[in-house]
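Chemist: Provided herewith: target_3.txt, compact mmCIF, C-alpha atoms.
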# COMPACT_ATOMS: atom_id res chain seq x y z
CA MET A 1239 0.88 3.80 25.45
CA ALA A 1240 3.12 0.96 24.40
CA ASP A 1241 6.73 1.05 25.54
CA ALA A 1242 7.99 -1.50 23.02
CA VAL A 1243 6.85 -1.91 19.40
CA LEU A 1244 8.01 -4.42 16.81
CA ILE A 1245 7.63 -3.34 13.18
CA SER A 1246 7.92 -6.09 10.59
CA GLY A 1247 8.98 -4.57 7.30
CA GLY A 1248 10.24 -1.69 9.39
CA ALA A 1249 13.04 -0.72 6.98
CA GLY A 1250 10.56 -0.07 4.20
CA PHE A 1251 8.92 3.17 3.16
CA ILE A 1252 6.09 3.26 5.71
CA GLY A 1253 7.88 1.21 8.35
CA SER A 1254 10.98 3.38 8.61
CA ALA A 1255 8.93 6.57 8.78
CA LEU A 1256 6.77 5.04 11.51
CA ALA A 1257 9.84 3.85 13.40
CA ARG A 1258 11.32 7.35 13.44
CA HIS A 1259 7.99 8.78 14.62
CA LEU A 1260 7.69 6.30 17.49
CA VAL A 1261 11.31 6.70 18.58
CA ALA A 1262 10.80 10.48 18.70
CA ALA A 1263 7.85 9.82 21.03
CA GLY A 1264 10.09 7.84 23.40
CA ILE A 1265 8.95 4.37 22.36
CA GLY A 1266 11.45 1.54 21.99
CA VAL A 1267 11.30 0.10 18.48
CA THR A 1268 12.53 -3.19 17.07
CA VAL A 1269 12.60 -3.61 13.29
CA LEU A 1270 12.42 -6.97 11.51
CA ASP A 1271 13.26 -6.64 7.81
CA ASN A 1272 15.04 -8.61 5.10
CA VAL A 1273 16.15 -5.42 3.24
CA SER A 1274 14.73 -6.71 -0.05
CA PRO A 1275 16.82 -5.75 -3.11
CA GLN A 1276 13.65 -4.94 -5.06
CA ILE A 1277 13.02 -2.07 -2.64
CA HIS A 1278 16.50 -1.19 -1.37
CA SER A 1279 18.67 -1.51 -4.49
CA ALA A 1280 21.21 1.16 -5.47
CA GLY A 1281 19.42 4.28 -6.66
CA SER A 1282 16.31 3.53 -4.62
CA GLY A 1283 16.75 6.59 -2.41
CA ARG A 1284 16.50 4.25 0.57
CA GLU A 1285 20.21 3.69 1.31
CA THR A 1286 20.82 6.58 3.72
CA ALA A 1287 17.47 6.19 5.46
CA THR A 1288 18.11 2.51 6.13
CA ALA A 1289 21.62 3.15 7.42
CA GLU A 1290 20.34 5.86 9.77
CA LEU A 1291 17.51 3.62 10.95
CA ARG A 1292 19.97 0.98 12.16
CA ASP A 1293 21.34 3.56 14.62
CA LEU A 1294 17.87 4.44 15.97
CA VAL A 1295 16.29 1.04 16.58
CA ARG A 1296 17.08 -2.54 17.44
CA PHE A 1297 17.45 -3.97 13.94
CA VAL A 1298 16.90 -7.68 13.26
CA GLU A 1299 17.74 -8.52 9.66
CA GLY A 1300 15.64 -11.51 8.76
CA ASP A 1301 12.73 -12.81 6.72
CA VAL A 1302 9.17 -13.09 8.06
CA ARG A 1303 8.96 -16.53 6.43
CA ASP A 1304 11.60 -17.67 8.93
CA ARG A 1305 10.19 -18.47 12.38
CA ALA A 1306 13.65 -17.99 13.89
CA ALA A 1307 13.63 -14.35 12.71
CA TRP A 1308 10.38 -13.73 14.56
CA ASP A 1309 11.79 -15.47 17.64
CA ALA A 1310 14.79 -13.13 17.56
CA ALA A 1311 12.62 -10.03 17.31
CA TYR A 1312 9.44 -10.37 19.36
CA ASP A 1313 10.64 -10.83 22.95
CA GLY A 1314 9.31 -8.09 25.24
CA GLN A 1315 7.15 -6.43 22.58
CA GLN A 1316 3.75 -5.00 23.50
CA VAL A 1317 2.57 -4.09 20.01
CA VAL A 1318 3.41 -5.66 16.66
CA VAL A 1319 2.91 -3.55 13.54
CA HIS A 1320 2.91 -6.07 10.70
CA LEU A 1321 3.89 -4.22 7.52
CA ALA A 1322 6.12 -6.83 5.87
CA ALA A 1323 4.69 -7.85 2.50
CA GLU A 1324 5.40 -8.15 -1.17
CA THR A 1325 3.56 -5.33 -2.93
CA GLY A 1326 2.61 -4.84 -6.56
CA THR A 1327 -0.67 -5.70 -8.24
CA GLY A 1328 0.82 -6.56 -11.62
CA GLN A 1329 3.78 -8.59 -10.39
CA SER A 1330 1.54 -10.60 -8.08
CA MET A 1331 -0.27 -12.05 -11.08
CA TYR A 1332 2.80 -14.01 -12.22
CA GLU A 1333 4.92 -14.35 -9.07
CA VAL A 1334 2.03 -15.98 -7.29
CA ALA A 1335 3.95 -18.39 -5.06
CA ARG A 1336 6.28 -15.66 -3.76
CA TYR A 1337 3.45 -13.28 -2.93
CA CYS A 1338 1.50 -16.00 -1.13
CA ASP A 1339 4.59 -17.24 0.68
CA VAL A 1340 5.67 -13.84 2.02
CA ASN A 1341 2.27 -12.32 2.71
CA VAL A 1342 0.39 -15.37 4.00
CA THR A 1343 3.08 -17.65 5.42
CA GLY A 1344 4.86 -14.69 7.00
CA THR A 1345 1.65 -13.76 8.79
CA ALA A 1346 1.07 -17.37 9.81
CA HIS A 1347 4.44 -17.42 11.60
CA LEU A 1348 3.43 -14.35 13.61
CA LEU A 1349 0.15 -15.95 14.69
CA ASP A 1350 1.87 -19.26 15.45
CA LEU A 1351 4.22 -17.38 17.73
CA LEU A 1352 1.34 -15.64 19.53
CA ALA A 1353 -0.54 -18.92 19.94
CA ASN A 1354 2.35 -21.13 21.03
CA SER A 1355 4.71 -19.03 23.11
CA THR A 1356 4.76 -16.85 26.18
CA HIS A 1357 4.72 -13.21 25.11
CA SER A 1358 3.68 -9.70 26.15
CA VAL A 1359 1.97 -8.68 22.89
CA ARG A 1360 -1.39 -7.05 23.56
CA ARG A 1361 -2.12 -5.54 20.13
CA VAL A 1362 -1.35 -6.27 16.47
CA VAL A 1363 -1.73 -3.61 13.79
CA VAL A 1364 -1.70 -5.10 10.31
CA ALA A 1365 -1.19 -3.19 7.06
CA SER A 1366 -4.12 -4.10 4.86
CA SER A 1367 -4.88 -2.47 1.53
CA ARG A 1368 -7.59 -0.87 -0.56
CA SER A 1369 -6.87 -3.71 -3.02
CA ILE A 1370 -8.97 -6.07 -0.90
CA TYR A 1371 -12.11 -4.33 -2.18
CA GLY A 1372 -11.31 -4.89 -5.85
CA GLU A 1373 -13.51 -2.31 -7.52
CA GLY A 1374 -14.80 0.27 -5.07
CA ARG A 1375 -18.40 1.11 -4.25
CA TYR A 1376 -20.74 2.30 -7.03
CA VAL A 1377 -24.39 3.33 -7.20
CA ASP A 1378 -26.92 3.14 -10.01
CA SER A 1379 -29.46 5.81 -10.99
CA ALA A 1380 -31.80 4.63 -8.22
CA GLY A 1381 -29.08 4.97 -5.58
CA VAL A 1382 -28.68 1.20 -5.15
CA ALA A 1383 -25.13 0.21 -4.18
CA HIS A 1384 -23.11 -2.13 -6.40
CA HIS A 1385 -19.70 -3.75 -6.05
CA PRO A 1386 -18.85 -4.74 -9.62
CA PRO A 1387 -16.76 -7.83 -10.38
CA ALA A 1388 -13.57 -7.72 -12.44
CA ARG A 1389 -14.13 -5.87 -15.70
CA ASP A 1390 -14.86 -7.64 -18.97
CA ARG A 1391 -11.76 -8.03 -21.14
CA ALA A 1392 -13.67 -7.72 -24.41
CA ALA A 1393 -15.24 -4.45 -23.28
CA MET A 1394 -11.85 -3.07 -22.26
CA LEU A 1395 -10.31 -4.06 -25.61
CA SER A 1396 -13.08 -1.95 -27.15
CA GLY A 1397 -12.18 1.01 -24.96
CA ARG A 1398 -15.09 0.62 -22.52
CA PHE A 1399 -13.34 0.79 -19.16
CA ASP A 1400 -16.08 1.74 -16.70
CA PRO A 1401 -17.80 -1.07 -14.76
CA VAL A 1402 -21.50 -1.54 -15.43
CA GLY A 1403 -24.33 -3.03 -13.42
CA PRO A 1404 -25.61 -6.60 -13.82
CA GLY A 1405 -28.02 -5.46 -16.51
CA GLY A 1406 -25.47 -3.31 -18.28
CA GLU A 1407 -26.70 -0.13 -16.60
CA ALA A 1408 -24.39 2.82 -15.99
CA LEU A 1409 -22.86 3.14 -12.52
CA VAL A 1410 -21.33 6.08 -10.65
CA ALA A 1411 -18.34 5.54 -8.36
CA THR A 1412 -18.63 6.69 -4.74
CA ALA A 1413 -16.38 6.56 -1.69
CA THR A 1414 -15.71 3.03 -0.44
CA ASP A 1415 -16.48 2.42 3.23
CA GLU A 1416 -15.32 -0.41 5.46
CA GLY A 1417 -18.63 -2.22 5.04
CA SER A 1418 -18.16 -2.51 1.29
CA ARG A 1419 -17.80 -5.95 -0.24
CA ILE A 1420 -14.37 -7.56 -0.12
CA HIS A 1421 -13.75 -9.12 -3.54
CA PRO A 1422 -10.15 -8.56 -4.63
CA SER A 1423 -9.30 -8.68 -8.33
CA SER A 1424 -5.58 -9.50 -8.01
CA ILE A 1425 -3.43 -12.08 -6.27
CA TYR A 1426 -1.91 -9.25 -4.25
CA GLY A 1427 -5.39 -8.20 -3.10
CA ILE A 1428 -6.24 -11.78 -2.16
CA THR A 1429 -3.09 -12.09 -0.05
CA LYS A 1430 -3.78 -8.79 1.71
CA SER A 1431 -7.36 -9.81 2.43
CA THR A 1432 -6.05 -13.11 3.79
CA GLN A 1433 -3.47 -11.30 5.97
CA GLU A 1434 -6.16 -9.07 7.39
CA GLN A 1435 -8.58 -11.89 8.15
CA MET A 1436 -5.87 -14.09 9.66
CA VAL A 1437 -4.84 -11.33 12.05
CA LEU A 1438 -8.38 -10.32 13.03
CA VAL A 1439 -9.62 -13.88 13.54
CA GLY A 1440 -6.43 -15.26 15.08
CA CYS A 1441 -5.97 -12.38 17.51
CA ALA A 1442 -9.64 -12.46 18.56
CA ALA A 1443 -9.29 -16.14 19.47
CA LEU A 1444 -6.14 -15.41 21.47
CA GLY A 1445 -7.51 -12.37 23.32
CA VAL A 1446 -5.14 -9.97 21.54
CA ASP A 1447 -6.50 -6.65 20.23
CA ALA A 1448 -6.09 -6.19 16.47
CA THR A 1449 -6.46 -3.33 14.04
CA ALA A 1450 -6.37 -3.59 10.25
CA LEU A 1451 -5.49 -0.42 8.34
CA ARG A 1452 -6.63 -0.46 4.73
CA TYR A 1453 -4.09 1.87 3.17
CA GLN A 1454 -4.86 3.65 -0.07
CA ASN A 1455 -2.00 4.69 -2.41
CA VAL A 1456 0.76 5.92 -0.10
CA TYR A 1457 3.39 8.31 -1.44
CA GLY A 1458 6.03 10.76 -0.27
CA PRO A 1459 9.73 11.22 0.49
CA GLY A 1460 11.42 7.90 1.19
CA GLN A 1461 9.42 5.92 -1.36
CA SER A 1462 11.62 3.55 -3.33
CA LEU A 1463 12.58 5.18 -6.62
CA SER A 1464 13.91 1.96 -8.16
CA ASN A 1465 11.03 -0.47 -7.60
CA PRO A 1466 9.26 -0.70 -10.98
CA TYR A 1467 6.36 -2.76 -9.67
CA THR A 1468 4.63 -0.29 -7.36
CA GLY A 1469 4.22 3.43 -6.74
CA ILE A 1470 3.19 5.32 -9.87
CA LEU A 1471 4.35 8.66 -8.47
CA SER A 1472 7.95 7.48 -8.17
CA ILE A 1473 7.78 5.74 -11.56
CA PHE A 1474 6.30 8.78 -13.31
CA THR A 1475 8.73 11.14 -11.59
CA SER A 1476 11.75 9.20 -12.85
CA LEU A 1477 10.31 9.12 -16.37
CA ILE A 1478 9.63 12.87 -16.37
CA GLN A 1479 13.11 13.62 -15.00
CA ARG A 1480 14.64 11.65 -17.89
CA GLY A 1481 12.34 13.13 -20.50
CA ALA A 1482 10.98 9.65 -21.24
CA ASP A 1483 7.46 8.98 -22.45
CA ILE A 1484 4.81 7.88 -19.96
CA ASN A 1485 2.37 5.18 -21.00
CA VAL A 1486 -0.98 6.21 -19.46
CA PHE A 1487 -3.12 3.10 -19.23
CA GLU A 1488 -6.78 2.89 -20.23
CA ASP A 1489 -8.07 6.41 -20.95
CA GLY A 1490 -6.26 8.06 -18.06
CA LEU A 1491 -9.49 8.66 -16.16
CA GLU A 1492 -9.11 5.76 -13.75
CA SER A 1493 -8.89 7.21 -10.24
CA ARG A 1494 -7.13 6.48 -6.97
CA ASP A 1495 -6.83 8.00 -3.51
CA PHE A 1496 -3.26 9.24 -2.86
CA VAL A 1497 -2.40 9.65 0.82
CA TYR A 1498 0.80 11.30 2.04
CA ILE A 1499 3.29 9.35 4.14
CA ASP A 1500 3.08 11.68 7.18
CA ASP A 1501 -0.67 11.18 7.35
CA VAL A 1502 -0.29 7.41 7.07
CA VAL A 1503 2.30 7.41 9.86
CA GLU A 1504 0.08 9.49 12.14
CA ALA A 1505 -2.94 7.24 11.51
CA THR A 1506 -0.83 4.14 12.18
CA ALA A 1507 0.69 5.63 15.34
CA ARG A 1508 -2.81 6.35 16.62
CA ALA A 1509 -3.75 2.72 16.02
CA VAL A 1510 -0.67 1.72 18.04
CA ARG A 1511 -1.50 4.06 20.92
CA CYS A 1512 -5.28 3.70 21.05
CA ASP A 1513 -7.03 1.96 23.94
CA ILE A 1514 -9.96 0.64 21.89
CA GLY A 1515 -10.21 -3.07 22.61
CA GLY A 1516 -11.21 -5.84 20.22
CA GLN A 1517 -10.86 -6.06 16.46
CA HIS A 1518 -11.27 -3.06 14.16
CA VAL A 1519 -10.70 -2.01 10.54
CA TYR A 1520 -10.10 1.48 9.17
CA ASN A 1521 -9.64 2.96 5.73
CA VAL A 1522 -6.57 5.20 5.59
CA GLY A 1523 -6.83 7.66 2.74
CA THR A 1524 -7.87 11.22 1.94
CA GLY A 1525 -11.33 10.56 0.55
CA VAL A 1526 -10.36 12.50 -2.59
CA PRO A 1527 -10.18 10.68 -5.96
CA LEU A 1528 -7.58 11.74 -8.50
CA THR A 1529 -7.31 10.51 -12.08
CA VAL A 1530 -4.03 9.27 -13.50
CA LEU A 1531 -4.05 12.19 -15.95
CA GLU A 1532 -4.35 14.63 -13.04
CA VAL A 1533 -1.38 12.91 -11.38
CA VAL A 1534 0.78 13.13 -14.52
CA GLU A 1535 -0.06 16.77 -15.13
CA THR A 1536 0.50 17.76 -11.50
CA LEU A 1537 3.90 16.03 -11.44
CA GLY A 1538 4.98 17.75 -14.65
CA CYS A 1539 3.92 21.13 -13.29
CA VAL A 1540 5.70 20.64 -9.96
CA LEU A 1541 8.87 19.31 -11.61
CA GLY A 1542 8.86 22.18 -14.10
CA ARG A 1543 9.15 19.70 -16.97
CA PRO A 1544 5.87 19.11 -18.79
CA ALA A 1545 5.27 15.38 -18.95
CA SER A 1546 5.44 13.61 -22.29
CA TYR A 1547 2.72 10.99 -22.23
CA ALA A 1548 0.44 8.97 -24.46
CA VAL A 1549 -2.97 7.65 -23.47
CA SER A 1550 -2.56 4.15 -24.86
CA GLY A 1551 -5.66 2.20 -23.91
CA ASP A 1552 -3.37 -0.50 -22.47
CA PHE A 1553 -4.66 -2.32 -19.39
CA ARG A 1554 -3.35 -4.89 -16.95
CA ALA A 1555 -4.96 -7.92 -15.38
CA GLY A 1556 -5.85 -7.20 -11.77
CA ASP A 1557 -6.22 -3.43 -12.14
CA ILE A 1558 -9.41 -1.71 -11.03
CA ARG A 1559 -11.13 1.43 -12.34
CA HIS A 1560 -12.02 3.50 -9.26
CA ASN A 1561 -11.45 3.29 -5.53
CA TRP A 1562 -11.20 6.00 -2.92
CA ALA A 1563 -11.74 5.89 0.81
CA ASP A 1564 -14.64 6.84 2.99
CA THR A 1565 -12.64 8.04 6.02
CA GLY A 1566 -15.56 8.63 8.39
CA ARG A 1567 -14.70 5.77 10.72
CA LEU A 1568 -11.03 6.80 10.92
CA GLU A 1569 -12.09 10.29 11.93
CA ALA A 1570 -14.81 9.18 14.39
CA GLU A 1571 -12.87 6.47 16.23
CA LEU A 1572 -9.19 7.40 15.91
CA GLY A 1573 -9.82 11.14 15.71
CA PHE A 1574 -7.67 11.60 12.65
CA THR A 1575 -8.24 13.58 9.46
CA PRO A 1576 -5.46 13.60 6.83
CA ARG A 1577 -3.89 17.05 6.59
CA THR A 1578 -1.77 17.00 3.43
CA GLY A 1579 -3.30 17.97 0.12
CA PHE A 1580 -2.05 16.28 -3.03
CA ARG A 1581 -0.29 19.32 -4.52
CA GLN A 1582 1.51 20.01 -1.23
CA GLY A 1583 2.52 16.37 -0.87
CA VAL A 1584 3.76 16.12 -4.45
CA GLU A 1585 5.87 19.26 -3.99
CA ARG A 1586 7.55 17.69 -0.96
CA PHE A 1587 8.04 14.38 -2.76
CA ALA A 1588 9.44 16.03 -5.89
CA ALA A 1589 11.86 18.19 -3.88
CA TRP A 1590 13.18 15.04 -2.19
CA ALA A 1591 13.38 13.03 -5.44
CA GLU A 1592 15.32 15.82 -7.16
CA GLY A 1593 18.21 15.01 -4.83
CA PHE A 1594 18.81 11.68 -6.58
CA ASP A 1595 19.91 10.75 -10.06
CA PRO A 1596 16.90 9.82 -12.19
CA VAL A 1597 16.36 6.07 -12.28
CA SER A 1598 16.68 4.38 -15.66
CA PRO A 1599 13.26 3.51 -17.15
CA ASP A 1600 14.58 0.08 -18.18
CA GLY A 1601 13.23 -1.66 -15.07
CA TYR A 1602 9.76 -0.21 -15.55
CA ARG A 1603 9.70 -1.16 -19.22
CA ARG A 1604 10.90 -4.65 -18.32
CA SER A 1605 8.06 -5.00 -15.79
CA LEU A 1606 5.51 -4.21 -18.52
CA ASP A 1607 7.20 -6.62 -20.93
CA GLU A 1608 6.97 -9.35 -18.30
CA MET A 1609 3.19 -8.88 -18.16
CA ARG A 1610 2.79 -8.75 -21.94
CA GLU A 1611 4.78 -11.97 -22.35
CA ARG A 1612 2.30 -13.69 -20.05
CA LYS A 1613 -0.75 -12.14 -21.75
CA LEU A 1614 -1.54 -10.25 -18.53
CA MET A 1615 -1.44 -6.89 -20.29
CA ALA A 1616 -3.24 -5.68 -23.42
Would you put the structure from the file into structure tokens?
Modeler:
Amino acid sequence: MADAVLISGGAGFIGSALARHLVAAGIGVTVLDNVSPQIHSAGSGRETATAELRDLVRFVEGDVRDRAAWDAAYDGQQVVVHLAAETGTGQSMYEVARYCDVNVTGTAHLLDLLANSTHSVRRVVVASSRSIYGEGRYVDSAGVAHHPPARDRAAMLSGRFDPVGPGGEALVATATDEGSRIHPSSIYGITKSTQEQMVLVGCAALGVDATALRYQNVYGPGQSLSNPYTGILSIFTSLIQRGADINVFEDGLESRDFVYIDDVVEATARAVRCDIGGQHVYNVGTGVPLTVLEVVETLGCVLGRPASYAVSGDFRAGDIRHNWADTGRLEAELGFTPRTGFRQGVERFAAWAEGFDPVSPDGYRRSLDEMRERKLMA
């Protein structure tokens, strides 16, 4: 077991929960984080958690794009958990330089440090994403696997949202395993795929073990309530609390895999502690697809305020139709099966979110307007 772990992005949603978990297990933790206003602004629900974290860990406030920040943080570390990244599929399509700079250049600084300095790092765990797959895995009527490209805009404008095979044949979505094709459909997905490959290839060359965790949609207490660019559960919760209308994109039947924060932390901690050498990738999800309509209705039920929503047919560039995880490898090699069902997790999240004033929907509406202005949303 590692005695010293550095978590980049360690003041964020996943990072701070992981830090608390590791500290409770007796592991020394250093956090490197720039405390981004997009995530940590007033009303985010993050203020108290971040303040408490500073008392638990060695906290280095700095940016992963700054080599000096890495230099200040990495000395004596045995494991680096690289979580720092800009997140948000939609925003990545028009803030391209920032997403590439943070996600790719930030990772390059870590690898430069490992290649060009004396260090004690023996393992890197990098937060990858289900977004690297683009569309998930599908099969046709003969059982042949397909990995469809980005969906046709004309078809979507006509209300035909499901991917089809190369000959126009109907396809059925199935669980996406780690051997599925990597073909991201957003700039965010491209940067996460690049992060993953940089870490796996760079660490292999340097004799450092590396694990990439392809997180599905993570949710739970501690998620930023004010970030309008990511996390539909927090966005929808704030809208329901205010009695505001929810715009359900496409036909509401697009599906995702929602995995609770405690399960993500446990899976990540196992990757930190494991003694499996070499380079490995794991999906981290529940293996259970949920449609957006199911999410909206469950939230309204749990909050005791039926959601007001409209299925608009709107769609965004970079979005995919279906993706949920095949978790067989996670279970077989890291011995972990997620324990928290969606209803249970949403009840915990909603109880936590009720302790904060509902966030104004203005930021979310502005984020959609930004995409429409750039013709990235229809």
Chemist: Pick from A:Leu1531, A:Glu1373, A:Ala1443, A:Val1267: nearest to Asp1293 (chain A), with all atoms listed in the file counted?
Modeler: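 Of A:Leu1531, A:Glu1373, A:Ala1443, A:Val1267, the one nearest Asp1293 (chain A) is A:Val1267, counting all atoms listed in the file.
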Chemist: Which residue, A:Ala1408, A:Leu1572, A:Leu1537, A:Leu1606, has the smallest gap to Asn1485 (chain A) when you use all atoms listed in the file?
Modeler: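 Nearest to Asn1485 (chain A): A:Leu1606.
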Chemist: Of the residues A:Ser1254, A:Ser1493, A:Thr1506, A:Ser1462, which is the one nearest to Phe1594 (chain A), using only C-alpha atoms?
Modeler: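 That would be A:Ser1462, the residue with the smallest distance to Phe1594 (chain A).
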Chemist: Considering all atoms listed in the file, state which residue in the set A:Gly1427, A:Gly1460, A:Gly1573, A:Gly1397 is at the smallest distance from Thr1286 (chain A).
Modeler: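 So, comparing all the options, the nearest one is A:Gly1460.
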Chemist: State, in Å with one decimal place, the distance from CA of Phe1474 (chain A) to CA of Thr1325 (chain A).
Modeler: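 CA of Thr1325 (chain A) lies at a distance of 17.7 Å from CA of Phe1474 (chain A).
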Chemist: Given only C-alpha atoms as the basis, pick out the residue of A:Gly1266, A:Arg1559, A:Val1502, A:Gly1566 nearest to Tyr1376 (chain A).
Modeler: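 The closest residue to Tyr1376 (chain A) is A:Arg1559.
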Chemist: Could you pull the residues within 8 Å of Asp1501 (chain A), counting only C-alpha atoms, minus those fewer than 2 positions along the same chain, as a VMD selection string?
Modeler: chain A and resid 1497 to 1499 1503 to 1505 1576 to 1578
Chemist: Hey, can you check how far CA of Asp1301 (chain A) sits from CA of Thr1268 (chain A)?
Modeler: 14.1 Å
Chemist: Identify which of the residues A:Asp1415, A:Ala1555, A:Gly1405, A:Gly1481 lies closest to Arg1610 (chain A), counting all atoms listed in the file when measuring atom-to-atom distances.
Modeler: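 Closest candidate: A:Ala1555.
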Chemist: In Å, with one decimal, what is the gap from CA of Gly1583 (chain A) to CA of Ile1478 (chain A)?
Modeler: 17.4 Å
Chemist: Using only C-alpha atoms - which residues lie no farther than 8 Å from the point (6.0, -12.1, 11.1) in the file's frame? Write them as number ranges by chain.
Modeler: A: 1246, 1302-1303, 1305, 1308, 1320, 1322, 1344-1349
Chemist: With a cut-off of 8 Å, could you pull out the residues of region 1373-1462 of chain A touching region 1363-1369 of chain A and give me the nearest pair of atoms for each, distance in Å to one decimal, using all atoms listed in the file, ordered by chain and ascending number, as JSON lines?
Modeler:
{"residue": "A:Pro1422", "atom": "CA", "partner": "A:Ser1369", "partner_atom": "CA", "distance": 6.1}
{"residue": "A:Ser1423", "atom": "CA", "partner": "A:Ser1369", "partner_atom": "CA", "distance": 7.7}
{"residue": "A:Ser1424", "atom": "CA", "partner": "A:Ser1369", "partner_atom": "CA", "distance": 7.8}
{"residue": "A:Tyr1426", "atom": "CA", "partner": "A:Ser1369", "partner_atom": "CA", "distance": 7.5}
{"residue": "A:Gly1427", "atom": "CA", "partner": "A:Ser1369", "partner_atom": "CA", "distance": 4.7}
{"residue": "A:Lys1430", "atom": "CA", "partner": "A:Ser1366", "partner_atom": "CA", "distance": 5.7}
{"residue": "A:Ser1431", "atom": "CA", "partner": "A:Ser1366", "partner_atom": "CA", "distance": 7.0}
{"residue": "A:Gln1433", "atom": "CA", "partner": "A:Ser1366", "partner_atom": "CA", "distance": 7.3}
{"residue": "A:Glu1434", "atom": "CA", "partner": "A:Ser1366", "partner_atom": "CA", "distance": 5.9}
{"residue": "A:Val1437", "atom": "CA", "partner": "A:Val1364", "partner_atom": "CA", "distance": 7.2}
{"residue": "A:Ala1448", "atom": "CA", "partner": "A:Val1363", "partner_atom": "CA", "distance": 5.7}
{"residue": "A:Thr1449", "atom": "CA", "partner": "A:Val1363", "partner_atom": "CA", "distance": 4.7}
{"residue": "A:Ala1450", "atom": "CA", "partner": "A:Val1364", "partner_atom": "CA", "distance": 4.9}
{"residue": "A:Leu1451", "atom": "CA", "partner": "A:Ser1366", "partner_atom": "CA", "distance": 5.2}
{"residue": "A:Arg1452", "atom": "CA", "partner": "A:Ser1367", "partner_atom": "CA", "distance": 4.2}
{"residue": "A:Tyr1453", "atom": "CA", "partner": "A:Ser1367", "partner_atom": "CA", "distance": 4.7}
{"residue": "A:Gln1454", "atom": "CA", "partner": "A:Arg1368", "partner_atom": "CA", "distance": 5.3}
Chemist: For Leu1244 (chain A), work out the shell of residues within 10 Å, counting only C-alpha atoms and skipping chain neighbours fewer than 4 positions away, then give it as a list of chain:residue names.
Modeler: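 So the residues in contact are A:Gly1248, A:Ala1257, A:Gly1266, A:Val1267, A:Thr1268, A:Val1269, A:Leu1270, A:Val1295, A:Arg1296, A:Phe1297, A:Trp1308, A:Ala1311, A:Tyr1312, A:Asp1313, A:Gly1314, A:Gln1315, A:Gln1316, A:Val1317, A:Val1318, A:Val1319, A:His1320, A:Val1359, A:Val1362.
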Chemist: Place a sphere of radius 10 Å on (-17.0, -10.3, -11.4) in the file coordinates and name every protein, DNA or RNA residue with an atom inside or on its surface, counting all atoms listed in the file; give the answer as JSON, numbers by chain.
Modeler: {"A": [1372, 1373, 1385, 1386, 1387, 1388, 1389, 1390, 1401, 1404, 1421, 1422, 1423]}
Chemist: Could you write region 1411-1422 of chain A as a PDB file, in the frame of the given file, with N, CA and C atoms rebuilt where they are missing?
Modeler:
ATOM      1  N   ALA A1411     -19.206   5.898  -9.482  1.00  0.00           N
ATOM      2  CA  ALA A1411     -18.340   5.540  -8.360  1.00  0.00           C
ATOM      3  C   ALA A1411     -18.572   6.469  -7.181  1.00  0.00           C
ATOM      4  N   THR A1412     -18.510   5.916  -5.983  1.00  0.00           N
ATOM      5  CA  THR A1412     -18.630   6.690  -4.740  1.00  0.00           C
ATOM      6  C   THR A1412     -17.509   6.250  -3.799  1.00  0.00           C
ATOM      7  N   ALA A1413     -17.385   6.939  -2.677  1.00  0.00           N
ATOM      8  CA  ALA A1413     -16.380   6.560  -1.690  1.00  0.00           C
ATOM      9  C   ALA A1413     -16.663   5.161  -1.151  1.00  0.00           C
ATOM     10  N   THR A1414     -15.595   4.410  -0.914  1.00  0.00           N
ATOM     11  CA  THR A1414     -15.710   3.030  -0.440  1.00  0.00           C
ATOM     12  C   THR A1414     -15.552   2.995   1.067  1.00  0.00           C
ATOM     13  N   ASP A1415     -16.572   2.517   1.767  1.00  0.00           N
ATOM     14  CA  ASP A1415     -16.480   2.420   3.230  1.00  0.00           C
ATOM     15  C   ASP A1415     -16.079   1.024   3.652  1.00  0.00           C
ATOM     16  N   GLU A1416     -15.823   0.871   4.957  1.00  0.00           N
ATOM     17  CA  GLU A1416     -15.320  -0.410   5.460  1.00  0.00           C
ATOM     18  C   GLU A1416     -16.335  -1.531   5.376  1.00  0.00           C
ATOM     19  N   GLY A1417     -17.606  -1.192   5.191  1.00  0.00           N
ATOM     20  CA  GLY A1417     -18.630  -2.220   5.040  1.00  0.00           C
ATOM     21  C   GLY A1417     -18.819  -2.683   3.614  1.00  0.00           C
ATOM     22  N   SER A1418     -18.041  -2.121   2.697  1.00  0.00           N
ATOM     23  CA  SER A1418     -18.160  -2.510   1.290  1.00  0.00           C
ATOM     24  C   SER A1418     -17.673  -3.947   1.090  1.00  0.00           C
ATOM     25  N   ARG A1419     -18.134  -4.549   0.021  1.00  0.00           N
ATOM     26  CA  ARG A1419     -17.800  -5.950  -0.240  1.00  0.00           C
ATOM     27  C   ARG A1419     -16.302  -6.124  -0.455  1.00  0.00           C
ATOM     28  N   ILE A1420     -15.770  -7.185   0.104  1.00  0.00           N
ATOM     29  CA  ILE A1420     -14.370  -7.560  -0.120  1.00  0.00           C
ATOM     30  C   ILE A1420     -14.349  -8.598  -1.240  1.00  0.00           C
ATOM     31  N   HIS A1421     -13.825  -8.199  -2.386  1.00  0.00           N
ATOM     32  CA  HIS A1421     -13.750  -9.120  -3.540  1.00  0.00           C
ATOM     33  C   HIS A1421     -12.563  -8.711  -4.393  1.00  0.00           C
ATOM     34  N   PRO A1422     -11.356  -9.009  -3.933  1.00  0.00           N
ATOM     35  CA  PRO A1422     -10.150  -8.560  -4.630  1.00  0.00           C
ATOM     36  C   PRO A1422     -10.070  -9.103  -6.059  1.00  0.00           C
TER      37      PRO A1422
END
